[in-house]
Amino acid sequence: MPARLKFIFMAVALTLTLSGGARGEGFQSAAPQALLVDYESGATLYEKNADAQFPASALVKLMTAELVFRELKEGRLHLDDTFHVSEHAWRTGGAHAHATASFLDVNSNVRVEDLLRGLIVQSGNDAAIVLAEGMAGSEEAFADRMNKRAAELGLAHSNFVDPWGRDDPAQKTTARDMARLAAYVIREYPDDYHYFGEKEFTWNKIRQLNRNPLLGAEPGADGLKTGEAPEGGFSLIGSALQDGQRLIVVVAGLKTAPERGEEARKLLEWGFHSFEPRLLFQPGEIVGTASVFGGAASEVPLTCDGPIKVFLTRGGQERLTAKIVYRGPLAAPVAADAEVATLRVWRGETLALEAPLRTQKAIPLGGLGKRAFDAGVEFATNLIRGALAKN
């Protein structure tokens with residue numbers, strides 16, 4: 001590729017004639033941070049300060065659970081394996097720490113499956129620490145794993161300092177990051193997700209109910225996690241499945257536990273009853289094209305992996321716009337099935353959907369004449385850009 005070739009973010013506008021609401025006409029959540037998304041499509045139904053950071057508190061246990069599920073799925077860990085309850089775990093996360101605990105006995109050995117139930121159903125801090133120490137040797141080492149994994153999953157605005165969620169100014173997350181993590185857990189660990197829906201768990205003859213207020217209160221609710229922080233208030237990540245549609249809800253910053261549950265329930269109810277889906281593109285359908293530099297063809301078709309669907313509020317009249325965004329032009333050779341672009345769909349000013357796009361076919365390197373022509377076009381384009389920038 002010539003050294004003078006400069007890549008820029010390119011956008012191709014698409015024409016959409018649909019209309020619908022974006023911010024939730026007729027509905028406003030009392031939660032300082034809130035997000036409601038359709039699980040299958042990733043479409044945003046409602047958002048309010050979804051990228052504003054708030055104290056993660058016990059929501060970090062969802063990240064802890066993801067690391068455990070991953071080890072189980074890849075065979076490095078088994079449900080019948082046992083981990084030792086250290087004095088540190090007992091003192092820091094046990095009952096005398098005056099926080100949520102599974103009441104594990106110091107110096108006992110506990111099965112991974114029981115620790116998982118303690119972590120998820122009881123929100124046990126001691127269970128979280130035992131899992132972290134058993135898997136990584138220490139809370140600190142486990143937190144490093146959490147942050148590395150969060151980066152891999154695209155949780156760009158989250159930071160974790162421990163596996164259970166102590167009050168620490170460095171331990172932050174966002175509604176969007178938590179919704180993304182919840183969707184990943186539901187999709188990638190179907191054999192383990194059921195733990196989030198278990199309504200109670202008894203350990204050491206102490207019966208504790210699941211702290212998720214949506215279970216039993218909202219039809220189809222089956223997970224995920226609650227949190228509480230002195231500075232950040234009450235938070236919740238929830239999910240429910242009704243009539244084949246799954247929604248994921250996140251609320252944060254509420255003043256009381258009942259308010260937290262009620263706001264999440266209202267959002268789910270509104271989401272299930274106020275929208276109608278519209279299919280934009282079928283799986284594998286060509287969505288648009290991306291420009292190619294120096295290739296046998298000047299463009300490559302872009303397709304979507306799954307269905308691209310948006311949700312319109314019934315009776316709403318807000319315009320939809322869409323763009324294909326990528327870093328380009330792409331330099332030949334271009335491989336087939338390479339993720340090179342993103343389709344972004346807005347309702348009004350709200351980004352309602354982002355979907356990855358892939359190359360439909362390979363574009364080989366073009367002949368010498370074609371490459372020379374493309375280089376000349378790119379050089380002239382850069383000259384024009386430079387002149388415009390000076391004016």
# chains A, B, ... in the order shown; residues from 1 in each chain; ligands from 1
>>> residues_around(residues="Val106 (chain A)", least_positions_apart="5", cutoff="12 Å", atoms="only C-alpha atoms", output="list in words")
Phe83, His84, Val85, Ser86, Glu87, His88, Ala89, Trp90, Arg91, Thr92, Gly93, Gly94, Ala95, Asp126, Ala127 and Val130 of chain A
>>> select_by_dssp(residues="region 74-251 of chain A", states="alpha helix (DSSP H)", output="ChimeraX atom specification")
/A:87-93,112-120,125-136,139-152,175-188
>>> closest_residue(among="A:Ile206, A:Ala56, A:Ala332, A:Ala128", to="Gly253 (chain A)", atoms="only C-alpha atoms")
A:Ala56
>>> residues_around(residues="region 41-46 of chain A", least_positions_apart="4", cutoff="8 Å", atoms="only C-alpha atoms", output="MDAnalysis selection string")
chainID A and resid 22:24 34:37 271 307:311 351:354
>>> atom_distance(atom1="CA of Thr289 (chain A)", atom2="CA of Trp346 (chain A)")
19.4 Å
>>> residues_around(residues="Val121 (chain A)", least_positions_apart="6", cutoff="10 Å", atoms="only C-alpha atoms", output="list in words")
Ser102, Leu115, Tyr195, Phe196, Gly197, Glu198, Lys199, Glu200, Phe201, Thr202, Gln208, Leu209, Asn210, Arg211, Asn212, Gly223, Leu224 and Lys225 of chain A
>>> write_last_selection(atoms="N, CA and C atoms", output="compact mmCIF listing (two decimals), in the first residue's frame")
# COMPACT_ATOMS: atom_id res chain seq x y z
N SER A 102 -22.83 -15.43 51.97
CA SER A 102 -23.35 -16.79 51.83
C SER A 102 -23.15 -17.61 53.09
N LEU A 115 -20.77 -22.27 45.18
CA LEU A 115 -20.23 -20.90 45.19
C LEU A 115 -20.92 -20.03 44.16
N TYR A 195 -29.02 -20.05 36.66
CA TYR A 195 -28.72 -19.69 38.05
C TYR A 195 -29.31 -18.32 38.41
N PHE A 196 -29.35 -17.41 37.45
CA PHE A 196 -29.88 -16.07 37.73
C PHE A 196 -31.37 -16.08 38.03
N GLY A 197 -32.06 -17.11 37.56
CA GLY A 197 -33.50 -17.18 37.78
C GLY A 197 -33.92 -17.99 39.00
N GLU A 198 -32.95 -18.60 39.70
CA GLU A 198 -33.29 -19.37 40.89
C GLU A 198 -33.72 -18.43 42.01
N LYS A 199 -34.85 -18.73 42.60
CA LYS A 199 -35.47 -17.77 43.52
C LYS A 199 -34.93 -17.86 44.94
N GLU A 200 -34.23 -18.94 45.28
CA GLU A 200 -33.68 -19.05 46.63
C GLU A 200 -32.53 -20.04 46.65
N PHE A 201 -31.72 -19.93 47.71
CA PHE A 201 -30.63 -20.87 47.90
C PHE A 201 -30.34 -20.96 49.40
N THR A 202 -30.17 -22.19 49.88
CA THR A 202 -29.90 -22.42 51.30
C THR A 202 -28.50 -22.96 51.48
N GLN A 208 -31.88 -18.03 51.84
CA GLN A 208 -31.91 -16.65 51.37
C GLN A 208 -32.63 -16.60 50.02
N LEU A 209 -33.43 -15.55 49.84
CA LEU A 209 -34.15 -15.34 48.59
C LEU A 209 -33.28 -14.55 47.62
N ASN A 210 -33.51 -14.78 46.32
CA ASN A 210 -32.85 -13.99 45.30
C ASN A 210 -33.24 -12.53 45.46
N ARG A 211 -32.27 -11.64 45.37
CA ARG A 211 -32.52 -10.22 45.59
C ARG A 211 -33.09 -9.48 44.38
N ASN A 212 -33.25 -10.19 43.27
CA ASN A 212 -33.81 -9.56 42.07
C ASN A 212 -35.32 -9.42 42.23
N GLY A 223 -33.68 -13.10 35.36
CA GLY A 223 -32.35 -12.66 35.76
C GLY A 223 -32.32 -11.14 35.71
N LEU A 224 -31.23 -10.45 36.13
CA LEU A 224 -29.87 -10.94 36.33
C LEU A 224 -29.31 -10.54 37.70
N LYS A 225 -29.13 -9.20 38.03
CA LYS A 225 -28.39 -8.84 39.24
C LYS A 225 -28.80 -7.45 39.74
>>> select_by_dssp(residues="region 88-324 of chain A", states="strand (DSSP E or B)", output="mmCIF file with C-alpha atoms, in the first residue's frame")
data_model
loop_
_atom_site.group_PDB
_atom_site.id
_atom_site.type_symbol
_atom_site.label_atom_id
_atom_site.label_comp_id
_atom_site.auth_asym_id
_atom_site.auth_seq_id
_atom_site.Cartn_x
_atom_site.Cartn_y
_atom_site.Cartn_z
ATOM 1 C CA ASN A 109 -13.964 -26.447 50.964
ATOM 2 C CA VAL A 110 -16.978 -25.562 48.831
ATOM 3 C CA ARG A 111 -18.060 -26.828 45.405
ATOM 4 C CA ASN A 159 -13.428 -0.644 35.550
ATOM 5 C CA LYS A 172 -17.387 2.191 37.724
ATOM 6 C CA THR A 173 -19.632 1.028 34.944
ATOM 7 C CA GLU A 200 -33.683 -19.045 46.629
ATOM 8 C CA PHE A 201 -30.626 -20.874 47.903
ATOM 9 C CA THR A 202 -29.904 -22.421 51.304
ATOM 10 C CA TRP A 203 -26.407 -22.796 52.717
ATOM 11 C CA ILE A 206 -29.667 -20.359 56.145
ATOM 12 C CA ARG A 207 -32.269 -19.813 53.428
ATOM 13 C CA GLN A 208 -31.911 -16.653 51.368
ATOM 14 C CA LEU A 209 -34.150 -15.343 48.591
ATOM 15 C CA ALA A 221 -38.368 -12.293 34.222
ATOM 16 C CA ASP A 222 -35.438 -14.700 34.697
ATOM 17 C CA GLY A 223 -32.347 -12.664 35.763
ATOM 18 C CA LEU A 224 -29.867 -10.939 36.326
ATOM 19 C CA LYS A 225 -28.392 -8.836 39.244
ATOM 20 C CA THR A 226 -28.945 -5.976 41.687
ATOM 21 C CA GLY A 227 -26.532 -3.495 43.240
ATOM 22 C CA GLU A 228 -26.427 -0.801 45.912
ATOM 23 C CA ALA A 229 -23.804 1.874 46.593
ATOM 24 C CA GLY A 233 -27.941 4.483 44.925
ATOM 25 C CA PHE A 234 -29.771 1.334 43.885
ATOM 26 C CA SER A 235 -29.167 -0.337 40.511
ATOM 27 C CA LEU A 236 -30.439 -3.369 38.623
ATOM 28 C CA ILE A 237 -29.762 -5.381 35.477
ATOM 29 C CA GLY A 238 -32.810 -7.397 34.493
ATOM 30 C CA SER A 239 -34.127 -9.494 31.639
ATOM 31 C CA ALA A 240 -37.500 -10.931 30.731
ATOM 32 C CA LEU A 241 -38.889 -13.080 27.913
ATOM 33 C CA GLN A 242 -42.451 -12.581 26.701
ATOM 34 C CA GLN A 245 -39.125 -11.466 22.657
ATOM 35 C CA ARG A 246 -36.422 -10.885 25.255
ATOM 36 C CA LEU A 247 -35.710 -7.420 26.643
ATOM 37 C CA ILE A 248 -32.768 -6.348 28.811
ATOM 38 C CA VAL A 249 -33.214 -3.447 31.207
ATOM 39 C CA VAL A 250 -30.679 -1.495 33.281
ATOM 40 C CA VAL A 251 -31.545 1.174 35.838
ATOM 41 C CA ALA A 252 -29.216 2.962 38.252
ATOM 42 C CA GLY A 253 -29.154 5.808 40.749
ATOM 43 C CA LEU A 254 -32.535 5.109 42.385
ATOM 44 C CA PHE A 275 -43.318 -1.164 20.123
ATOM 45 C CA GLU A 276 -43.693 -2.997 16.856
ATOM 46 C CA PRO A 277 -40.669 -4.501 15.073
ATOM 47 C CA ARG A 278 -39.713 -3.651 11.496
ATOM 48 C CA LEU A 279 -37.226 -5.827 9.633
ATOM 49 C CA LEU A 280 -34.729 -3.783 7.612
ATOM 50 C CA PHE A 281 -32.472 -6.548 6.296
ATOM 51 C CA ILE A 286 -26.566 -6.912 0.983
ATOM 52 C CA VAL A 287 -26.867 -3.726 3.042
ATOM 53 C CA GLY A 288 -24.518 -1.528 1.035
ATOM 54 C CA THR A 289 -20.962 -1.310 -0.296
ATOM 55 C CA ALA A 290 -17.537 -0.143 0.830
ATOM 56 C CA SER A 291 -14.925 1.467 -1.415
ATOM 57 C CA VAL A 292 -11.779 -0.531 -2.159
ATOM 58 C CA PHE A 293 -8.357 0.933 -3.021
ATOM 59 C CA GLY A 295 -8.461 -3.864 -5.996
ATOM 60 C CA GLU A 299 -16.320 -1.723 -4.222
ATOM 61 C CA VAL A 300 -17.168 -4.729 -2.091
ATOM 62 C CA PRO A 301 -20.733 -5.645 -1.063
ATOM 63 C CA LEU A 302 -21.450 -5.628 2.677
ATOM 64 C CA THR A 303 -23.832 -8.064 4.343
ATOM 65 C CA CYS A 304 -25.228 -8.620 7.826
ATOM 66 C CA ILE A 308 -31.323 -6.174 11.268
ATOM 67 C CA LYS A 309 -34.446 -5.058 13.031
ATOM 68 C CA VAL A 310 -35.616 -1.766 14.513
ATOM 69 C CA PHE A 311 -38.546 -1.083 16.818
ATOM 70 C CA LEU A 312 -41.022 1.700 16.178
ATOM 71 C CA THR A 313 -43.317 3.129 18.809
ATOM 72 C CA ARG A 319 -37.691 9.842 11.240
ATOM 73 C CA LEU A 320 -35.193 7.021 10.841
ATOM 74 C CA THR A 321 -31.807 7.636 9.251
ATOM 75 C CA ALA A 322 -28.976 5.181 8.665
ATOM 76 C CA LYS A 323 -25.305 5.221 7.717
ATOM 77 C CA ILE A 324 -22.666 2.645 6.956
#
>>> atom_distance(atom1="CA of Ala297 (chain A)", atom2="CA of Gly366 (chain A)")
7.3 Å
>>> residues_around(residues="Leu67 (chain A)", least_positions_apart="6", cutoff="9 Å", atoms="only C-alpha atoms", output="PyMOL selection string")
chain A and resi 145-146+149
>>> residues_around(residues="Arg265 (chain A)", least_positions_apart="5", cutoff="9 Å", atoms="only C-alpha atoms", output="list in words")
Pro213, Leu214, Ala217, Glu218, Gly238, Val249, Arg260 and Trp270 of chain A
>>> residues_around(residues="Leu181 (chain A)", least_positions_apart="2", cutoff="9 Å", atoms="only C-alpha atoms", output="list in words")
Leu62, Met63, Glu66, Ala150, Leu153, Gly154, Leu155, Arg176, Asp177, Met178, Ala179, Ala183, Tyr184, Val185 and Ile186 of chain A
>>> atom_distance(atom1="CA of His78 (chain A)", atom2="CA of Val112 (chain A)")
7.2 Å
